[in-house]
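With compact mmCIF, C-alpha atoms inside, this is model06.txt:
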```
# COMPACT_ATOMS: atom_id res chain seq x y z
CA MET N 1 57.61 -42.36 -6.26
CA ALA N 2 61.29 -41.44 -6.46
CA SER N 3 62.49 -39.39 -9.42
CA GLY N 4 65.56 -40.47 -11.34
CA THR N 5 66.10 -43.74 -9.49
CA GLU N 6 67.63 -45.23 -12.63
CA THR N 7 69.75 -43.67 -15.37
CA SER N 8 69.58 -44.26 -19.09
CA GLY N 9 72.91 -45.40 -20.47
CA SER N 10 74.04 -46.92 -17.18
CA GLY N 11 74.76 -50.28 -18.79
CA ASP N 12 77.26 -51.30 -21.45
CA ILE N 13 76.47 -48.69 -24.10
CA GLY N 14 78.05 -50.66 -26.92
CA ARG N 15 76.10 -53.80 -26.07
CA THR N 16 72.90 -51.79 -25.61
CA LEU N 17 73.28 -50.30 -29.09
CA GLU N 18 73.83 -53.76 -30.55
CA LEU N 19 70.62 -54.96 -28.95
CA LEU N 20 68.64 -51.87 -29.97
CA TRP N 21 69.77 -52.00 -33.58
CA ASP N 22 70.03 -55.79 -33.82
CA THR N 23 73.67 -55.69 -34.93
CA GLY N 24 75.16 -58.03 -32.36
CA ARG N 25 75.50 -61.76 -32.17
CA ARG N 26 72.20 -63.54 -31.68
CA PRO N 27 72.08 -66.02 -28.78
CA SER N 28 71.91 -69.67 -29.69
CA ARG N 29 68.61 -71.41 -29.06
CA GLY N 30 68.19 -71.92 -25.34
CA PRO N 31 66.36 -74.57 -23.35
CA ARG N 32 63.16 -72.50 -23.14
CA PRO N 33 61.27 -72.40 -26.48
CA GLY N 34 59.75 -69.01 -27.26
CA LEU N 35 62.10 -67.03 -25.04
CA THR N 36 63.25 -64.00 -27.03
CA LEU N 37 64.71 -60.59 -26.30
CA ASP N 38 61.48 -59.01 -27.48
CA ARG N 39 59.46 -61.08 -25.02
CA ILE N 40 61.85 -60.26 -22.16
CA VAL N 41 61.49 -56.52 -22.81
CA GLU N 42 57.71 -56.85 -23.12
CA VAL N 43 57.41 -58.55 -19.74
CA ALA N 44 59.78 -56.03 -18.13
CA VAL N 45 57.52 -53.19 -19.30
CA GLU N 46 54.47 -55.00 -17.94
CA VAL N 47 56.11 -55.41 -14.54
CA ALA N 48 57.18 -51.76 -14.44
CA ASP N 49 53.68 -50.61 -15.43
CA ARG N 50 52.12 -52.72 -12.72
CA ASP N 51 54.57 -52.48 -9.83
CA GLY N 52 57.01 -49.67 -10.64
CA LEU N 53 60.55 -49.65 -11.93
CA GLY N 54 61.93 -50.82 -8.60
CA ALA N 55 60.20 -54.15 -9.14
CA VAL N 56 62.12 -54.80 -12.35
CA SER N 57 65.03 -57.18 -11.82
CA MET N 58 66.47 -60.01 -13.83
CA ARG N 59 65.19 -62.48 -11.23
CA ARG N 60 61.66 -61.01 -11.27
CA ILE N 61 61.48 -61.06 -15.07
CA ALA N 62 62.76 -64.65 -15.13
CA THR N 63 60.08 -65.63 -12.64
CA GLU N 64 57.38 -63.97 -14.74
CA LEU N 65 58.63 -65.87 -17.79
CA GLY N 66 58.90 -69.15 -15.92
CA THR N 67 62.58 -69.59 -16.62
CA GLY N 68 65.90 -69.44 -14.80
CA THR N 69 67.57 -66.09 -14.24
CA MET N 70 70.73 -67.21 -16.04
CA SER N 71 68.68 -67.83 -19.18
CA LEU N 72 67.97 -64.10 -19.44
CA TYR N 73 71.65 -63.23 -19.46
CA ARG N 74 71.93 -65.03 -22.79
CA TYR N 75 69.84 -62.20 -24.25
CA VAL N 76 70.57 -59.08 -22.19
CA PRO N 77 73.59 -58.36 -19.94
CA GLY N 78 71.69 -56.77 -17.05
CA LYS N 79 69.14 -54.30 -15.79
CA GLY N 80 70.95 -51.23 -17.13
CA GLU N 81 70.74 -52.44 -20.71
CA LEU N 82 67.20 -53.74 -20.14
CA ILE N 83 65.96 -50.30 -19.05
CA ASP N 84 67.25 -48.72 -22.26
CA LEU N 85 65.47 -51.41 -24.27
CA MET N 86 62.28 -50.73 -22.30
CA LEU N 87 62.54 -47.01 -22.99
CA ASP N 88 62.88 -47.57 -26.71
CA ARG N 89 60.01 -50.05 -26.68
CA VAL N 90 57.45 -47.69 -25.16
CA GLN N 91 58.55 -44.76 -27.35
CA ARG N 92 57.64 -46.43 -30.64
CA PRO N 93 55.87 -43.73 -32.68
CA SER N 94 52.45 -44.22 -34.18
CA GLU N 95 52.35 -45.40 -37.78
CA ASN N 96 49.25 -43.30 -38.42
CA PRO N 97 50.24 -39.89 -39.89
CA ALA N 98 46.96 -38.43 -38.62
CA ASP N 99 48.20 -38.88 -35.06
CA LEU N 100 50.52 -35.91 -35.64
CA GLY N 101 47.74 -33.53 -36.56
CA ASP N 102 46.47 -32.22 -39.87
CA GLY N 103 49.82 -31.40 -41.44
CA GLY N 104 50.82 -28.04 -39.99
CA TRP N 105 53.69 -27.62 -37.54
CA ARG N 106 51.40 -26.27 -34.82
CA SER N 107 49.00 -29.20 -34.96
CA ALA N 108 51.98 -31.58 -34.98
CA LEU N 109 53.45 -30.09 -31.80
CA HIS N 110 50.01 -30.01 -30.17
CA ALA N 111 49.52 -33.69 -30.96
CA LEU N 112 53.06 -34.45 -29.77
CA GLY N 113 52.40 -32.80 -26.41
CA HIS N 114 49.22 -34.76 -25.76
CA ALA N 115 50.72 -38.03 -27.00
CA ALA N 116 53.72 -37.60 -24.69
CA LEU N 117 51.46 -36.85 -21.72
CA ALA N 118 49.40 -39.97 -22.45
CA LEU N 119 52.63 -41.98 -22.67
CA HIS N 120 53.69 -40.87 -19.18
CA ARG N 121 50.24 -41.69 -17.82
CA ARG N 122 50.45 -45.22 -19.24
CA HIS N 123 54.02 -45.75 -18.10
CA THR N 124 54.44 -43.74 -14.91
CA TRP N 125 57.83 -45.36 -14.30
CA LEU N 126 59.27 -43.14 -17.05
CA LEU N 127 59.52 -40.43 -14.39
CA GLU N 128 61.83 -42.70 -12.41
CA VAL N 129 64.47 -42.75 -15.16
CA ASN N 130 67.05 -40.01 -15.63
CA GLN N 131 66.99 -39.62 -19.41
CA SER N 132 69.35 -36.66 -19.67
CA ARG N 133 71.71 -38.88 -21.72
CA PRO N 134 69.51 -41.33 -23.63
CA VAL N 135 70.85 -44.23 -25.65
CA LEU N 136 69.19 -43.63 -29.00
CA GLY N 137 67.47 -46.59 -30.58
CA PRO N 138 65.26 -46.92 -33.66
CA SER N 139 62.05 -45.90 -31.89
CA ALA N 140 63.52 -42.69 -30.51
CA LEU N 141 65.02 -41.73 -33.86
CA ASP N 142 61.88 -42.70 -35.79
CA GLY N 143 59.81 -40.47 -33.53
CA MET N 144 62.19 -37.55 -33.85
CA GLU N 145 62.35 -37.97 -37.62
CA LYS N 146 58.57 -37.84 -37.93
CA VAL N 147 58.26 -34.72 -35.78
CA LEU N 148 61.15 -32.87 -37.42
CA ALA N 149 59.70 -33.58 -40.85
CA ARG N 150 56.48 -31.88 -39.79
CA ILE N 151 58.01 -28.85 -38.08
CA LYS N 152 60.81 -28.19 -40.60
CA PRO N 153 58.58 -25.66 -42.43
CA MET N 154 58.71 -23.42 -39.34
CA GLY N 155 61.85 -21.98 -40.92
CA LEU N 156 63.90 -22.05 -37.73
CA THR N 157 67.55 -23.03 -37.50
CA ASP N 158 68.35 -26.67 -36.88
CA PRO N 159 69.36 -26.11 -33.22
CA GLU N 160 66.12 -24.18 -32.73
CA LEU N 161 64.04 -27.01 -34.19
CA VAL N 162 65.65 -29.45 -31.77
CA SER N 163 65.06 -26.94 -28.96
CA VAL N 164 61.37 -26.83 -29.84
CA ILE N 165 61.12 -30.58 -29.24
CA VAL N 166 63.12 -30.26 -26.01
CA MET N 167 60.78 -27.45 -24.90
CA ILE N 168 57.63 -29.51 -25.48
CA ASP N 169 59.18 -32.52 -23.75
CA GLY N 170 60.19 -30.46 -20.71
CA TYR N 171 56.70 -29.01 -20.40
CA VAL N 172 55.08 -32.43 -20.70
CA VAL N 173 57.39 -34.07 -18.14
CA GLY N 174 56.62 -31.33 -15.62
CA ALA N 175 52.88 -31.67 -16.12
CA ALA N 176 53.04 -35.46 -16.08
CA ARG N 177 55.02 -35.44 -12.83
CA THR N 178 52.37 -33.29 -11.17
CA GLN N 179 49.54 -35.53 -12.34
CA VAL N 180 51.31 -38.78 -11.44
CA TYR N 181 52.33 -37.47 -8.02
CA GLU N 182 48.74 -36.39 -7.33
CA ARG N 183 47.53 -39.92 -8.01
CA GLU N 184 50.32 -41.35 -5.87
CA ALA N 185 49.45 -39.01 -2.99
CA GLU N 186 45.81 -40.05 -3.18
CA ARG N 187 46.75 -43.73 -3.19
CA ARG N 188 49.08 -43.43 -0.21
CA SER N 189 46.93 -41.11 1.92
CA GLY N 190 43.58 -42.70 1.15
CA LEU N 191 42.14 -39.20 0.67
CA THR N 192 40.64 -38.08 -2.58
CA ASP N 193 41.65 -34.69 -3.93
CA ALA N 194 38.28 -33.28 -2.85
CA GLN N 195 38.65 -34.68 0.68
CA PHE N 196 42.18 -33.30 0.96
CA TRP N 197 41.10 -29.74 0.18
CA ALA N 198 37.90 -30.01 2.19
CA ALA N 199 40.03 -30.74 5.26
CA GLN N 200 41.79 -27.40 4.77
CA GLU N 201 38.68 -25.38 3.96
CA PRO N 202 37.87 -24.04 7.48
CA VAL N 203 41.36 -22.59 7.90
CA LEU N 204 41.46 -21.21 4.37
CA VAL N 205 38.05 -19.55 4.69
CA LYS N 206 39.22 -17.84 7.87
CA ALA N 207 42.44 -16.73 6.20
CA MET N 208 40.59 -15.26 3.22
CA SER N 209 38.27 -13.26 5.48
CA SER N 210 41.17 -11.79 7.47
CA GLY N 211 41.93 -9.13 4.87
CA ARG N 212 45.53 -10.31 4.61
CA TYR N 213 45.05 -11.76 1.13
CA PRO N 214 42.89 -9.27 -0.84
CA VAL N 215 43.82 -10.59 -4.30
CA LEU N 216 43.37 -14.24 -3.42
CA SER N 217 40.05 -13.57 -1.69
CA SER N 218 38.77 -11.70 -4.76
CA LEU N 219 39.24 -14.67 -7.09
CA SER N 220 36.17 -16.46 -8.41
CA GLU N 221 35.09 -19.73 -6.83
CA ASP N 222 36.25 -21.71 -9.86
CA ALA N 223 39.76 -20.21 -9.89
CA PHE N 224 41.22 -23.37 -8.39
CA GLY N 225 38.56 -25.71 -9.71
CA THR N 226 39.27 -28.95 -11.52
CA GLY N 227 37.31 -27.95 -14.61
CA PHE N 228 40.10 -25.83 -16.08
CA ASP N 229 42.56 -27.67 -18.35
CA HIS N 230 45.88 -26.24 -17.20
CA PHE N 231 47.88 -28.52 -19.48
CA GLU N 232 46.05 -27.45 -22.61
CA PHE N 233 46.21 -23.78 -21.64
CA GLY N 234 49.97 -23.91 -21.11
CA LEU N 235 50.59 -25.90 -24.28
CA GLN N 236 48.61 -23.41 -26.36
CA ARG N 237 50.59 -20.49 -24.91
CA ILE N 238 53.86 -22.21 -25.86
CA LEU N 239 52.54 -22.65 -29.39
CA ASP N 240 51.39 -19.03 -29.47
CA GLY N 241 54.91 -17.92 -28.61
CA LEU N 242 56.37 -20.10 -31.36
CA GLU N 243 53.79 -18.67 -33.77
CA VAL N 244 55.11 -15.18 -33.08
CA LEU N 245 58.70 -16.33 -33.64
CA VAL N 246 57.86 -18.08 -36.91
CA ALA N 247 55.97 -15.04 -38.19
CA SER N 248 58.85 -12.71 -37.32
CA ARG N 249 61.38 -14.94 -39.07
CA ARG N 250 59.25 -15.11 -42.20
CA ALA N 251 58.79 -11.33 -42.20
CA ALA N 252 62.54 -10.83 -41.87
CA ASP N 253 63.30 -13.29 -44.66
CA ALA N 254 60.72 -11.86 -47.08
CA PRO N 255 62.20 -9.57 -49.77
CA ALA N 256 61.56 -5.89 -49.18
CA ALA N 257 58.59 -4.67 -51.18
CA GLY N 258 57.93 -1.21 -52.51
CA ASP N 259 61.42 0.12 -51.82
CA GLY N 260 61.75 1.60 -55.31
CA SER N 261 64.70 -0.54 -56.32
CA ALA N 262 64.77 -2.12 -59.74
CA THR N 263 66.65 -5.05 -61.22
CA PRO N 264 67.93 -5.21 -64.81
CA GLU N 265 65.01 -7.51 -65.64
CA ASP N 266 62.51 -5.11 -64.09
CA PRO N 267 60.94 -2.64 -66.60
CA ALA N 268 60.59 -0.15 -63.78
```
Do you think you could lay out the structure here as structure tokens?
Amino acid sequence: MASGTETSGSGDIGRTLELLWDTGRRPSRGPRPGLTLDRIVEVAVEVADRDGLGAVSMRRIATELGTGTMSLYRYVPGKGELIDLMLDRVQRPSENPADLGDGGWRSALHALGHAALALHRRHTWLLEVNQSRPVLGPSALDGMEKVLARIKPMGLTDPELVSVIVMIDGYVVGAARTQVYEREAERRSGLTDAQFWAAQEPVLVKAMSSGRYPVLSSLSEDAFGTGFDHFEFGLQRILDGLEVLVASRRAADAPAAGDGSATPEDPA
């Protein structure tokens, strides 16, 4: 699976924004009843989920919809704009407030991390899109609004709050890439993860007994086992670090106590 094979914002940005925010001219009724922009985007996502982003083309989507390719151009200019519409479609935030935790900023970021990982597992083609310059639609902004509203009480500066979201996203994308690539490697090689490591075991056992790797050879048998949740461990450590930062900011902002100073309203 190639990384960054497509780029968000590669189409006509103005036209993409019109389509995302429904501010442009609507196409007149075409020859195919039921053909809508929403349906086109839905089918494009289904194709990408099933066959990868490389399989998405105007001709392929038209075939899936049982219509002519030119009919699609009445609704969307091309693949570049279509990809941005697909991105906004799959990023629609949940309407259930409970999906962002129990109300605290930490639980909200924890839920955000797991939801984002699940999103990349469902739509592995997301890793094939360079989203360094996203075209922001209603779903993206709705999601950011919901998260910012929950983490605002952290008391950080506005750039820091945005950086917190960027930090969680970067961590999730890295973890998702590893997991998706592992599945891709298994599919292409025909070897399960257990079979892959079993094939290396004789050489590794010999290496560990050579005395060349004393620290590695001293590790417990489960050190590299599959039972440890590396994603959860890393996410919790990120949240621990933010907890320290939040606590330090609150301590610095709290008024000094017991310093002997008195105000005119203070009997002391």
Nearest to Ser94 (chain N): which of N:Gly113, N:Gly190, N:Gly143, N:Pro138 is it, counting only C-alpha atoms?
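Checking each of N:Gly113, N:Gly190, N:Gly143, N:Pro138 against Ser94 (chain N), counting only C-alpha atoms, the winner is N:Gly143.
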What is the CA of Asn130 (chain N) to CA of Ala185 (chain N) distance in Å?
21.7 Å
Between CA of Glu160 (chain N) and CA of Gln91 (chain N) lies a distance of 22.6 Å
Rounded to one decimal in Å, what is the spacing between CA of Arg74 (chain N) and CA of Leu35 (chain N)?
10.3 Å
From the set N:Gln131, N:Ile151, N:Gly52, N:Phe224, which residue has the shortest atom-to-atom contact distance to Glu184 (chain N), counting all atoms listed in the file?
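Residue with the minimum atom-to-atom distance to Glu184 (chain N): N:Gly52.
Closest approach to Ala55 (chain N) among N:Thr16, N:Ala198, N:Trp125, N:Gly241 is made by N:Trp125 (distances from only C-alpha atoms).
Nearest residue to Ile238 (chain N), choosing from N:Ala115, N:Leu219, N:Val172, N:Met208 and counting all atoms listed in the file: N:Val172.
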Near-Leu127 (chain N) list (12 Å; only C-alpha atoms; drop same-chain fewer than 5 positions) as a count of residues only
30
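The shell of residues at most 12 Å from Phe196 (chain N), with all atoms listed in the file counted and near chain neighbours (fewer than 4 positions) removed, consists of Glu182, Ala185, Glu186, Ser189, Gly190, Leu191, Thr192, Gln200 and Glu201 of chain N.
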Okay, now the selection with C-alpha atoms, as a PDB file, in the frame of the given file?
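Result saved to again.pdb:
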```
ATOM      1  CA  GLU N 182      48.740 -36.390  -7.330  1.00  0.00           C
ATOM      2  CA  ALA N 185      49.450 -39.010  -2.990  1.00  0.00           C
ATOM      3  CA  GLU N 186      45.810 -40.050  -3.180  1.00  0.00           C
ATOM      4  CA  SER N 189      46.930 -41.110   1.920  1.00  0.00           C
ATOM      5  CA  GLY N 190      43.580 -42.700   1.150  1.00  0.00           C
ATOM      6  CA  LEU N 191      42.140 -39.200   0.670  1.00  0.00           C
ATOM      7  CA  THR N 192      40.640 -38.080  -2.580  1.00  0.00           C
ATOM      8  CA  GLN N 200      41.790 -27.400   4.770  1.00  0.00           C
ATOM      9  CA  GLU N 201      38.680 -25.380   3.960  1.00  0.00           C
TER      10      GLU N 201
END
```
Return the single residue from N:Leu85, N:Leu239, N:Val162, N:Leu65 that is closest to Ser107 (chain N), with distances computed using only C-alpha atoms.
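Distance minimum relative to Ser107 (chain N) lands on N:Leu239.
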For Leu136 (chain N), which of N:Arg25, N:Arg92, N:Arg188, N:Arg60 is the closest residue, counting all atoms listed in the file?
N:Arg92
Around region 130-139 of chain N, fit a box with edges along x, y and z, padding it by 6 Å on each side, then list its centre and edge lengths in Å to one decimal as AutoDock Vina command-line options.
```
--center_x 66.9 --center_y -41.8 --center_z -24.6 --size_x 21.7 --size_y 22.3 --size_z 30.0
```
For region 245-255 of chain N, find every residue with an atom within 8 Å (counting all atoms listed in the file), except residues of its own chain fewer than 5 positions away, and show them as a VMD selection string.
chain N and resid 154 to 156
